$ cat coords-v8.cif   # mmCIF, N, CA and C atoms
data_query
#
loop_
_atom_site.group_PDB
_atom_site.id
_atom_site.type_symbol
_atom_site.label_atom_id
_atom_site.label_comp_id
_atom_site.auth_asym_id
_atom_site.auth_seq_id
_atom_site.Cartn_x
_atom_site.Cartn_y
_atom_site.Cartn_z
ATOM 1 N N GLN B 8 79.827 -35.965 10.579
ATOM 2 C CA GLN B 8 79.781 -35.084 11.741
ATOM 3 C C GLN B 8 79.960 -33.629 11.315
ATOM 4 N N GLN B 9 80.965 -33.358 10.518
ATOM 5 C CA GLN B 9 81.242 -31.997 10.081
ATOM 6 C C GLN B 9 80.108 -31.458 9.193
ATOM 7 N N PHE B 10 79.601 -32.314 8.314
ATOM 8 C CA PHE B 10 78.492 -31.914 7.454
ATOM 9 C C PHE B 10 77.273 -31.563 8.303
ATOM 10 N N TYR B 11 76.971 -32.383 9.285
ATOM 11 C CA TYR B 11 75.828 -32.158 10.171
ATOM 12 C C TYR B 11 75.963 -30.816 10.900
ATOM 13 N N GLN B 12 77.168 -30.505 11.362
ATOM 14 C CA GLN B 12 77.397 -29.231 12.048
ATOM 15 C C GLN B 12 77.179 -28.050 11.101
ATOM 16 N N LYS B 13 77.631 -28.196 9.866
ATOM 17 C CA LYS B 13 77.461 -27.133 8.882
ATOM 18 C C LYS B 13 75.975 -26.917 8.596
ATOM 19 N N VAL B 14 75.228 -27.999 8.458
ATOM 20 C CA VAL B 14 73.783 -27.896 8.205
ATOM 21 C C VAL B 14 73.099 -27.214 9.382
ATOM 22 N N GLN B 15 73.460 -27.584 10.589
ATOM 23 C CA GLN B 15 72.883 -26.964 11.781
ATOM 24 C C GLN B 15 73.219 -25.465 11.835
ATOM 25 N N TYR B 16 74.447 -25.122 11.508
ATOM 26 C CA TYR B 16 74.874 -23.734 11.513
ATOM 27 C C TYR B 16 74.075 -22.919 10.498
ATOM 28 N N GLU B 17 73.935 -23.446 9.287
ATOM 29 C CA GLU B 17 73.194 -22.742 8.247
ATOM 30 C C GLU B 17 71.716 -22.592 8.620
ATOM 31 N N GLU B 18 71.145 -23.602 9.235
ATOM 32 C CA GLU B 18 69.755 -23.530 9.697
ATOM 33 C C GLU B 18 69.607 -22.468 10.776
ATOM 34 N N SER B 19 70.579 -22.380 11.658
ATOM 35 C CA SER B 19 70.569 -21.375 12.715
ATOM 36 C C SER B 19 70.618 -19.966 12.125
ATOM 37 N N ILE B 20 71.453 -19.767 11.134
ATOM 38 C CA ILE B 20 71.566 -18.467 10.462
ATOM 39 C C ILE B 20 70.241 -18.119 9.785
ATOM 40 N N ARG B 21 69.642 -19.084 9.088
ATOM 41 C CA ARG B 21 68.373 -18.854 8.398
ATOM 42 C C ARG B 21 67.278 -18.461 9.384
ATOM 43 N N LYS B 22 67.218 -19.155 10.513
ATOM 44 C CA LYS B 22 66.208 -18.844 11.525
ATOM 45 C C LYS B 22 66.436 -17.458 12.134
ATOM 46 N N SER B 23 67.685 -17.106 12.361
ATOM 47 C CA SER B 23 67.995 -15.774 12.900
ATOM 48 C C SER B 23 67.562 -14.678 11.944
ATOM 49 N N GLU B 24 67.827 -14.864 10.652
ATOM 50 C CA GLU B 24 67.420 -13.884 9.651
ATOM 51 C C GLU B 24 65.894 -13.784 9.584
ATOM 52 N N GLU B 25 65.232 -14.934 9.668
ATOM 53 C CA GLU B 25 63.774 -14.969 9.646
ATOM 54 C C GLU B 25 63.192 -14.216 10.843
ATOM 55 N N GLN B 26 63.775 -14.425 12.018
ATOM 56 C CA GLN B 26 63.308 -13.737 13.227
ATOM 57 C C GLN B 26 63.540 -12.236 13.127
ATOM 58 N N TYR B 27 64.672 -11.848 12.573
ATOM 59 C CA TYR B 27 64.976 -10.418 12.386
ATOM 60 C C TYR B 27 63.935 -9.774 11.470
ATOM 61 N N LYS B 28 63.677 -10.423 10.338
ATOM 62 C CA LYS B 28 62.709 -9.882 9.390
ATOM 63 C C LYS B 28 61.316 -9.803 10.025
ATOM 64 N N GLN B 29 60.968 -10.796 10.839
ATOM 65 C CA GLN B 29 59.666 -10.778 11.492
ATOM 66 C C GLN B 29 59.568 -9.629 12.487
ATOM 67 N N ARG B 30 60.638 -9.372 13.226
ATOM 68 C CA ARG B 30 60.645 -8.247 14.178
ATOM 69 C C ARG B 30 60.437 -6.918 13.458
ATOM 70 N N ILE B 31 61.154 -6.736 12.357
ATOM 71 C CA ILE B 31 61.026 -5.503 11.579
ATOM 72 C C ILE B 31 59.605 -5.382 11.018
ATOM 73 N N ALA B 32 59.080 -6.479 10.496
ATOM 74 C CA ALA B 32 57.720 -6.463 9.941
ATOM 75 C C ALA B 32 56.705 -6.124 11.024
ATOM 76 N N ASP B 33 56.878 -6.670 12.212
ATOM 77 C CA ASP B 33 55.975 -6.351 13.329
ATOM 78 C C ASP B 33 56.037 -4.863 13.659
ATOM 79 N N GLN B 34 57.235 -4.303 13.647
ATOM 80 C CA GLN B 34 57.398 -2.879 13.945
ATOM 81 C C GLN B 34 56.740 -2.008 12.876
ATOM 82 N N GLN B 35 56.734 -2.483 11.641
ATOM 83 C CA GLN B 35 56.157 -1.704 10.544
ATOM 84 C C GLN B 35 54.658 -1.967 10.380
ATOM 85 N N GLY B 36 54.118 -2.854 11.208
ATOM 86 C CA GLY B 36 52.686 -3.122 11.156
ATOM 87 C C GLY B 36 52.257 -4.133 10.115
ATOM 88 N N VAL B 37 53.205 -4.893 9.582
ATOM 89 C CA VAL B 37 52.866 -5.909 8.578
ATOM 90 C C VAL B 37 53.310 -7.300 9.036
ATOM 91 N N GLY B 38 53.250 -7.515 10.335
ATOM 92 C CA GLY B 38 53.704 -8.775 10.904
ATOM 93 C C GLY B 38 52.914 -9.980 10.425
ATOM 94 N N ASP B 39 51.584 -9.853 10.335
ATOM 95 C CA ASP B 39 50.760 -10.972 9.869
ATOM 96 C C ASP B 39 51.096 -11.331 8.424
ATOM 97 N N PHE B 40 51.310 -10.313 7.618
ATOM 98 C CA PHE B 40 51.683 -10.526 6.220
ATOM 99 C C PHE B 40 52.994 -11.316 6.149
ATOM 100 N N MET B 41 53.972 -10.914 6.957
ATOM 101 C CA MET B 41 55.266 -11.595 6.969
ATOM 102 C C MET B 41 55.128 -13.039 7.435
ATOM 103 N N ARG B 42 54.288 -13.274 8.436
ATOM 104 C CA ARG B 42 54.073 -14.647 8.910
ATOM 105 C C ARG B 42 53.499 -15.527 7.798
ATOM 106 N N GLN B 43 52.614 -14.961 6.984
ATOM 107 C CA GLN B 43 52.048 -15.723 5.866
ATOM 108 C C GLN B 43 53.122 -16.047 4.829
ATOM 109 N N ILE B 44 53.985 -15.077 4.549
ATOM 110 C CA ILE B 44 55.080 -15.300 3.593
ATOM 111 C C ILE B 44 56.010 -16.398 4.115
ATOM 112 N N ILE B 45 56.380 -16.317 5.395
ATOM 113 C CA ILE B 45 57.276 -17.315 5.980
ATOM 114 C C ILE B 45 56.633 -18.696 5.946
ATOM 115 N N SER B 46 55.337 -18.745 6.221
ATOM 116 C CA SER B 46 54.622 -20.019 6.192
ATOM 117 C C SER B 46 54.679 -20.644 4.800
ATOM 118 N N ILE B 47 54.498 -19.832 3.780
ATOM 119 C CA ILE B 47 54.579 -20.331 2.403
ATOM 120 C C ILE B 47 55.997 -20.813 2.103
ATOM 121 N N GLU B 48 56.988 -20.025 2.499
ATOM 122 C CA GLU B 48 58.388 -20.395 2.228
ATOM 123 C C GLU B 48 58.779 -21.695 2.918
ATOM 124 N N ASN B 49 58.198 -21.970 4.076
ATOM 125 C CA ASN B 49 58.565 -23.159 4.844
ATOM 126 C C ASN B 49 57.692 -24.375 4.549
ATOM 127 N N ASP B 50 56.690 -24.226 3.691
ATOM 128 C CA ASP B 50 55.774 -25.324 3.381
ATOM 129 C C ASP B 50 56.459 -26.322 2.450
ATOM 130 N N MET B 51 56.822 -27.460 2.973
ATOM 131 C CA MET B 51 57.532 -28.468 2.186
ATOM 132 C C MET B 51 56.587 -29.354 1.365
ATOM 133 N N SER B 52 55.286 -29.116 1.476
ATOM 134 C CA SER B 52 54.328 -29.932 0.735
ATOM 135 C C SER B 52 54.041 -29.348 -0.656
ATOM 136 N N ILE B 53 54.634 -28.195 -0.962
ATOM 137 C CA ILE B 53 54.423 -27.579 -2.274
ATOM 138 C C ILE B 53 55.775 -27.357 -2.956
ATOM 139 N N SER B 54 55.724 -27.247 -4.256
ATOM 140 C CA SER B 54 56.960 -27.028 -5.019
ATOM 141 C C SER B 54 57.418 -25.580 -4.866
ATOM 142 N N SER B 55 58.640 -25.337 -5.267
ATOM 143 C CA SER B 55 59.175 -23.966 -5.235
ATOM 144 C C SER B 55 58.369 -23.051 -6.143
ATOM 145 N N ALA B 56 57.962 -23.572 -7.283
ATOM 146 C CA ALA B 56 57.174 -22.772 -8.221
ATOM 147 C C ALA B 56 55.817 -22.407 -7.617
ATOM 148 N N GLU B 57 55.183 -23.380 -6.965
ATOM 149 C CA GLU B 57 53.893 -23.120 -6.318
ATOM 150 C C GLU B 57 54.062 -22.111 -5.185
ATOM 151 N N ALA B 58 55.131 -22.239 -4.420
ATOM 152 C CA ALA B 58 55.389 -21.290 -3.333
ATOM 153 C C ALA B 58 55.565 -19.882 -3.887
ATOM 154 N N GLU B 59 56.282 -19.768 -4.979
ATOM 155 C CA GLU B 59 56.493 -18.451 -5.589
ATOM 156 C C GLU B 59 55.177 -17.864 -6.084
ATOM 157 N N GLN B 60 54.331 -18.697 -6.685
ATOM 158 C CA GLN B 60 53.022 -18.221 -7.149
ATOM 159 C C GLN B 60 52.171 -17.734 -5.979
ATOM 160 N N ARG B 61 52.165 -18.494 -4.888
ATOM 161 C CA ARG B 61 51.376 -18.103 -3.718
ATOM 162 C C ARG B 61 51.891 -16.792 -3.122
ATOM 163 N N GLU B 62 53.203 -16.661 -3.047
ATOM 164 C CA GLU B 62 53.785 -15.416 -2.530
ATOM 165 C C GLU B 62 53.406 -14.235 -3.419
ATOM 166 N N ASN B 63 53.479 -14.422 -4.721
ATOM 167 C CA ASN B 63 53.139 -13.342 -5.646
ATOM 168 C C ASN B 63 51.675 -12.939 -5.521
ATOM 169 N N ARG B 64 50.773 -13.924 -5.369
ATOM 170 C CA ARG B 64 49.356 -13.601 -5.180
ATOM 171 C C ARG B 64 49.156 -12.814 -3.892
ATOM 172 N N LEU B 65 49.854 -13.229 -2.845
ATOM 173 C CA LEU B 65 49.739 -12.537 -1.557
ATOM 174 C C LEU B 65 50.277 -11.106 -1.670
ATOM 175 N N LYS B 66 51.413 -10.962 -2.321
ATOM 176 C CA LYS B 66 52.012 -9.635 -2.492
ATOM 177 C C LYS B 66 51.149 -8.750 -3.392
ATOM 178 N N TYR B 67 50.538 -9.329 -4.410
ATOM 179 C CA TYR B 67 49.675 -8.560 -5.305
ATOM 180 C C TYR B 67 48.451 -8.044 -4.545
ATOM 181 N N GLY B 68 47.977 -8.820 -3.593
ATOM 182 C CA GLY B 68 46.818 -8.418 -2.804
ATOM 183 C C GLY B 68 47.131 -7.361 -1.762
ATOM 184 N N ASN B 69 48.395 -7.189 -1.435
ATOM 185 C CA ASN B 69 48.789 -6.201 -0.431
ATOM 186 C C ASN B 69 50.107 -5.542 -0.853
ATOM 187 N N PRO B 70 50.060 -4.693 -1.880
ATOM 188 C CA PRO B 70 51.305 -4.128 -2.425
ATOM 189 C C PRO B 70 52.078 -3.242 -1.450
ATOM 190 N N VAL B 71 51.378 -2.575 -0.539
ATOM 191 C CA VAL B 71 52.083 -1.714 0.420
ATOM 192 C C VAL B 71 52.958 -2.569 1.337
ATOM 193 N N ALA B 72 52.392 -3.639 1.870
ATOM 194 C CA ALA B 72 53.157 -4.538 2.729
ATOM 195 C C ALA B 72 54.288 -5.190 1.945
ATOM 196 N N ALA B 73 54.016 -5.565 0.714
ATOM 197 C CA ALA B 73 55.039 -6.200 -0.115
ATOM 198 C C ALA B 73 56.230 -5.265 -0.310
ATOM 199 N N ARG B 74 55.959 -3.982 -0.560
ATOM 200 C CA ARG B 74 57.062 -3.014 -0.739
ATOM 201 C C ARG B 74 57.876 -2.861 0.534
ATOM 202 N N LEU B 75 57.189 -2.813 1.675
ATOM 203 C CA LEU B 75 57.906 -2.689 2.947
ATOM 204 C C LEU B 75 58.815 -3.892 3.173
ATOM 205 N N LEU B 76 58.316 -5.084 2.865
ATOM 206 C CA LEU B 76 59.106 -6.290 3.092
ATOM 207 C C LEU B 76 60.204 -6.463 2.054
ATOM 208 N N ASP B 77 59.987 -5.978 0.840
ATOM 209 C CA ASP B 77 61.036 -6.065 -0.179
ATOM 210 C C ASP B 77 62.264 -5.273 0.233
ATOM 211 N N ASP B 78 62.061 -4.233 1.028
ATOM 212 C CA ASP B 78 63.190 -3.446 1.518
ATOM 213 C C ASP B 78 64.068 -4.250 2.464
ATOM 214 N N LEU B 79 63.523 -5.304 3.061
ATOM 215 C CA LEU B 79 64.302 -6.127 3.993
ATOM 216 C C LEU B 79 65.227 -7.087 3.267
ATOM 217 N N ASP B 80 64.909 -7.426 2.028
ATOM 218 C CA ASP B 80 65.724 -8.407 1.298
ATOM 219 C C ASP B 80 66.942 -7.802 0.677
#

$ encode --input "coords-v8.cif" --output "structure tokens"
Amino acid sequence: QQFYQKVQYEESIRKSEEQYKQRIADQQGVGDFMRQIISIENDMSISSAEAEQRENRLKYGNPVAARLLDDLD
């Protein structure tokens, strides 16, 4: 029971942070870029290494958006 509550709490925090970052990205005009990054991060059908490679390719293709979003981390 306690473990389940902790997992739910941590998931809630992660979702709140994700929503915050998406709001900021939308305000900066890179909302679609952020949605693609979040989609890659949440894709459970790929490995962490594959997700990192996909994110890097996406960031390499749009360095201005990548710099704006790096400021959020």

$ select_by_dssp --input "coords-v8.cif" --residues "chain B" --states "alpha helix (DSSP H)" --output "mmCIF file with N, CA and C atoms, keeping the file's coordinate frame"
data_model
loop_
_atom_site.group_PDB
_atom_site.id
_atom_site.type_symbol
_atom_site.label_atom_id
_atom_site.label_comp_id
_atom_site.auth_asym_id
_atom_site.auth_seq_id
_atom_site.Cartn_x
_atom_site.Cartn_y
_atom_site.Cartn_z
ATOM 1 N N GLN B 9 80.965 -33.358 10.518
ATOM 2 C CA GLN B 9 81.242 -31.997 10.081
ATOM 3 C C GLN B 9 80.108 -31.458 9.193
ATOM 4 N N PHE B 10 79.601 -32.314 8.314
ATOM 5 C CA PHE B 10 78.492 -31.914 7.454
ATOM 6 C C PHE B 10 77.273 -31.563 8.303
ATOM 7 N N TYR B 11 76.971 -32.383 9.285
ATOM 8 C CA TYR B 11 75.828 -32.158 10.171
ATOM 9 C C TYR B 11 75.963 -30.816 10.900
ATOM 10 N N GLN B 12 77.168 -30.505 11.362
ATOM 11 C CA GLN B 12 77.397 -29.231 12.048
ATOM 12 C C GLN B 12 77.179 -28.050 11.101
ATOM 13 N N LYS B 13 77.631 -28.196 9.866
ATOM 14 C CA LYS B 13 77.461 -27.133 8.882
ATOM 15 C C LYS B 13 75.975 -26.917 8.596
ATOM 16 N N VAL B 14 75.228 -27.999 8.458
ATOM 17 C CA VAL B 14 73.783 -27.896 8.205
ATOM 18 C C VAL B 14 73.099 -27.214 9.382
ATOM 19 N N GLN B 15 73.460 -27.584 10.589
ATOM 20 C CA GLN B 15 72.883 -26.964 11.781
ATOM 21 C C GLN B 15 73.219 -25.465 11.835
ATOM 22 N N TYR B 16 74.447 -25.122 11.508
ATOM 23 C CA TYR B 16 74.874 -23.734 11.513
ATOM 24 C C TYR B 16 74.075 -22.919 10.498
ATOM 25 N N GLU B 17 73.935 -23.446 9.287
ATOM 26 C CA GLU B 17 73.194 -22.742 8.247
ATOM 27 C C GLU B 17 71.716 -22.592 8.620
ATOM 28 N N GLU B 18 71.145 -23.602 9.235
ATOM 29 C CA GLU B 18 69.755 -23.530 9.697
ATOM 30 C C GLU B 18 69.607 -22.468 10.776
ATOM 31 N N SER B 19 70.579 -22.380 11.658
ATOM 32 C CA SER B 19 70.569 -21.375 12.715
ATOM 33 C C SER B 19 70.618 -19.966 12.125
ATOM 34 N N ILE B 20 71.453 -19.767 11.134
ATOM 35 C CA ILE B 20 71.566 -18.467 10.462
ATOM 36 C C ILE B 20 70.241 -18.119 9.785
ATOM 37 N N ARG B 21 69.642 -19.084 9.088
ATOM 38 C CA ARG B 21 68.373 -18.854 8.398
ATOM 39 C C ARG B 21 67.278 -18.461 9.384
ATOM 40 N N LYS B 22 67.218 -19.155 10.513
ATOM 41 C CA LYS B 22 66.208 -18.844 11.525
ATOM 42 C C LYS B 22 66.436 -17.458 12.134
ATOM 43 N N SER B 23 67.685 -17.106 12.361
ATOM 44 C CA SER B 23 67.995 -15.774 12.900
ATOM 45 C C SER B 23 67.562 -14.678 11.944
ATOM 46 N N GLU B 24 67.827 -14.864 10.652
ATOM 47 C CA GLU B 24 67.420 -13.884 9.651
ATOM 48 C C GLU B 24 65.894 -13.784 9.584
ATOM 49 N N GLU B 25 65.232 -14.934 9.668
ATOM 50 C CA GLU B 25 63.774 -14.969 9.646
ATOM 51 C C GLU B 25 63.192 -14.216 10.843
ATOM 52 N N GLN B 26 63.775 -14.425 12.018
ATOM 53 C CA GLN B 26 63.308 -13.737 13.227
ATOM 54 C C GLN B 26 63.540 -12.236 13.127
ATOM 55 N N TYR B 27 64.672 -11.848 12.573
ATOM 56 C CA TYR B 27 64.976 -10.418 12.386
ATOM 57 C C TYR B 27 63.935 -9.774 11.470
ATOM 58 N N LYS B 28 63.677 -10.423 10.338
ATOM 59 C CA LYS B 28 62.709 -9.882 9.390
ATOM 60 C C LYS B 28 61.316 -9.803 10.025
ATOM 61 N N GLN B 29 60.968 -10.796 10.839
ATOM 62 C CA GLN B 29 59.666 -10.778 11.492
ATOM 63 C C GLN B 29 59.568 -9.629 12.487
ATOM 64 N N ARG B 30 60.638 -9.372 13.226
ATOM 65 C CA ARG B 30 60.645 -8.247 14.178
ATOM 66 C C ARG B 30 60.437 -6.918 13.458
ATOM 67 N N ILE B 31 61.154 -6.736 12.357
ATOM 68 C CA ILE B 31 61.026 -5.503 11.579
ATOM 69 C C ILE B 31 59.605 -5.382 11.018
ATOM 70 N N ALA B 32 59.080 -6.479 10.496
ATOM 71 C CA ALA B 32 57.720 -6.463 9.941
ATOM 72 C C ALA B 32 56.705 -6.124 11.024
ATOM 73 N N ASP B 33 56.878 -6.670 12.212
ATOM 74 C CA ASP B 33 55.975 -6.351 13.329
ATOM 75 C C ASP B 33 56.037 -4.863 13.659
ATOM 76 N N GLN B 34 57.235 -4.303 13.647
ATOM 77 C CA GLN B 34 57.398 -2.879 13.945
ATOM 78 C C GLN B 34 56.740 -2.008 12.876
ATOM 79 N N GLN B 35 56.734 -2.483 11.641
ATOM 80 C CA GLN B 35 56.157 -1.704 10.544
ATOM 81 C C GLN B 35 54.658 -1.967 10.380
ATOM 82 N N GLY B 38 53.250 -7.515 10.335
ATOM 83 C CA GLY B 38 53.704 -8.775 10.904
ATOM 84 C C GLY B 38 52.914 -9.980 10.425
ATOM 85 N N ASP B 39 51.584 -9.853 10.335
ATOM 86 C CA ASP B 39 50.760 -10.972 9.869
ATOM 87 C C ASP B 39 51.096 -11.331 8.424
ATOM 88 N N PHE B 40 51.310 -10.313 7.618
ATOM 89 C CA PHE B 40 51.683 -10.526 6.220
ATOM 90 C C PHE B 40 52.994 -11.316 6.149
ATOM 91 N N MET B 41 53.972 -10.914 6.957
ATOM 92 C CA MET B 41 55.266 -11.595 6.969
ATOM 93 C C MET B 41 55.128 -13.039 7.435
ATOM 94 N N ARG B 42 54.288 -13.274 8.436
ATOM 95 C CA ARG B 42 54.073 -14.647 8.910
ATOM 96 C C ARG B 42 53.499 -15.527 7.798
ATOM 97 N N GLN B 43 52.614 -14.961 6.984
ATOM 98 C CA GLN B 43 52.048 -15.723 5.866
ATOM 99 C C GLN B 43 53.122 -16.047 4.829
ATOM 100 N N ILE B 44 53.985 -15.077 4.549
ATOM 101 C CA ILE B 44 55.080 -15.300 3.593
ATOM 102 C C ILE B 44 56.010 -16.398 4.115
ATOM 103 N N ILE B 45 56.380 -16.317 5.395
ATOM 104 C CA ILE B 45 57.276 -17.315 5.980
ATOM 105 C C ILE B 45 56.633 -18.696 5.946
ATOM 106 N N SER B 46 55.337 -18.745 6.221
ATOM 107 C CA SER B 46 54.622 -20.019 6.192
ATOM 108 C C SER B 46 54.679 -20.644 4.800
ATOM 109 N N ILE B 47 54.498 -19.832 3.780
ATOM 110 C CA ILE B 47 54.579 -20.331 2.403
ATOM 111 C C ILE B 47 55.997 -20.813 2.103
ATOM 112 N N GLU B 48 56.988 -20.025 2.499
ATOM 113 C CA GLU B 48 58.388 -20.395 2.228
ATOM 114 C C GLU B 48 58.779 -21.695 2.918
ATOM 115 N N ASN B 49 58.198 -21.970 4.076
ATOM 116 C CA ASN B 49 58.565 -23.159 4.844
ATOM 117 C C ASN B 49 57.692 -24.375 4.549
ATOM 118 N N SER B 55 58.640 -25.337 -5.267
ATOM 119 C CA SER B 55 59.175 -23.966 -5.235
ATOM 120 C C SER B 55 58.369 -23.051 -6.143
ATOM 121 N N ALA B 56 57.962 -23.572 -7.283
ATOM 122 C CA ALA B 56 57.174 -22.772 -8.221
ATOM 123 C C ALA B 56 55.817 -22.407 -7.617
ATOM 124 N N GLU B 57 55.183 -23.380 -6.965
ATOM 125 C CA GLU B 57 53.893 -23.120 -6.318
ATOM 126 C C GLU B 57 54.062 -22.111 -5.185
ATOM 127 N N ALA B 58 55.131 -22.239 -4.420
ATOM 128 C CA ALA B 58 55.389 -21.290 -3.333
ATOM 129 C C ALA B 58 55.565 -19.882 -3.887
ATOM 130 N N GLU B 59 56.282 -19.768 -4.979
ATOM 131 C CA GLU B 59 56.493 -18.451 -5.589
ATOM 132 C C GLU B 59 55.177 -17.864 -6.084
ATOM 133 N N GLN B 60 54.331 -18.697 -6.685
ATOM 134 C CA GLN B 60 53.022 -18.221 -7.149
ATOM 135 C C GLN B 60 52.171 -17.734 -5.979
ATOM 136 N N ARG B 61 52.165 -18.494 -4.888
ATOM 137 C CA ARG B 61 51.376 -18.103 -3.718
ATOM 138 C C ARG B 61 51.891 -16.792 -3.122
ATOM 139 N N GLU B 62 53.203 -16.661 -3.047
ATOM 140 C CA GLU B 62 53.785 -15.416 -2.530
ATOM 141 C C GLU B 62 53.406 -14.235 -3.419
ATOM 142 N N ASN B 63 53.479 -14.422 -4.721
ATOM 143 C CA ASN B 63 53.139 -13.342 -5.646
ATOM 144 C C ASN B 63 51.675 -12.939 -5.521
ATOM 145 N N ARG B 64 50.773 -13.924 -5.369
ATOM 146 C CA ARG B 64 49.356 -13.601 -5.180
ATOM 147 C C ARG B 64 49.156 -12.814 -3.892
ATOM 148 N N LEU B 65 49.854 -13.229 -2.845
ATOM 149 C CA LEU B 65 49.739 -12.537 -1.557
ATOM 150 C C LEU B 65 50.277 -11.106 -1.670
ATOM 151 N N LYS B 66 51.413 -10.962 -2.321
ATOM 152 C CA LYS B 66 52.012 -9.635 -2.492
ATOM 153 C C LYS B 66 51.149 -8.750 -3.392
ATOM 154 N N TYR B 67 50.538 -9.329 -4.410
ATOM 155 C CA TYR B 67 49.675 -8.560 -5.305
ATOM 156 C C TYR B 67 48.451 -8.044 -4.545
ATOM 157 N N GLY B 68 47.977 -8.820 -3.593
ATOM 158 C CA GLY B 68 46.818 -8.418 -2.804
ATOM 159 C C GLY B 68 47.131 -7.361 -1.762
ATOM 160 N N PRO B 70 50.060 -4.693 -1.880
ATOM 161 C CA PRO B 70 51.305 -4.128 -2.425
ATOM 162 C C PRO B 70 52.078 -3.242 -1.450
ATOM 163 N N VAL B 71 51.378 -2.575 -0.539
ATOM 164 C CA VAL B 71 52.083 -1.714 0.420
ATOM 165 C C VAL B 71 52.958 -2.569 1.337
ATOM 166 N N ALA B 72 52.392 -3.639 1.870
ATOM 167 C CA ALA B 72 53.157 -4.538 2.729
ATOM 168 C C ALA B 72 54.288 -5.190 1.945
ATOM 169 N N ALA B 73 54.016 -5.565 0.714
ATOM 170 C CA ALA B 73 55.039 -6.200 -0.115
ATOM 171 C C ALA B 73 56.230 -5.265 -0.310
ATOM 172 N N ARG B 74 55.959 -3.982 -0.560
ATOM 173 C CA ARG B 74 57.062 -3.014 -0.739
ATOM 174 C C ARG B 74 57.876 -2.861 0.534
ATOM 175 N N LEU B 75 57.189 -2.813 1.675
ATOM 176 C CA LEU B 75 57.906 -2.689 2.947
ATOM 177 C C LEU B 75 58.815 -3.892 3.173
ATOM 178 N N LEU B 76 58.316 -5.084 2.865
ATOM 179 C CA LEU B 76 59.106 -6.290 3.092
ATOM 180 C C LEU B 76 60.204 -6.463 2.054
ATOM 181 N N ASP B 77 59.987 -5.978 0.840
ATOM 182 C CA ASP B 77 61.036 -6.065 -0.179
ATOM 183 C C ASP B 77 62.264 -5.273 0.233
#

$ atom_distance --input "coords-v8.cif" --atom1 "atom CA of Ala73 of chain B" --atom2 "atom CA of Ile31 of chain B"
13.2 Å

$ atom_distance --input "coords-v8.cif" --atom1 "atom CA of Ser23 of chain B" --atom2 "atom CA of Tyr67 of chain B"
26.8 Å

$ atom_distance --input "coords-v8.cif" --atom1 "atom N of Asp50 of chain B" --atom2 "atom CA of Arg74 of chain B"
21.7 Å

$ resolve_selection --input "coords-v8.cif" --expression "the PyMOL selection byres (((chain B and resi 41 and name CA) around 9) and name CA)" --output "PyMOL selection string"
chain B and resi 28-29+32-33+37-40+42-46+72-73+76

$ closest_residue --input "coords-v8.cif" --among "B:Glu24, B:Glu17, B:Glu59, B:Asp78" --to "Ile47 of chain B" --atoms "only C-alpha atoms"
B:Glu59
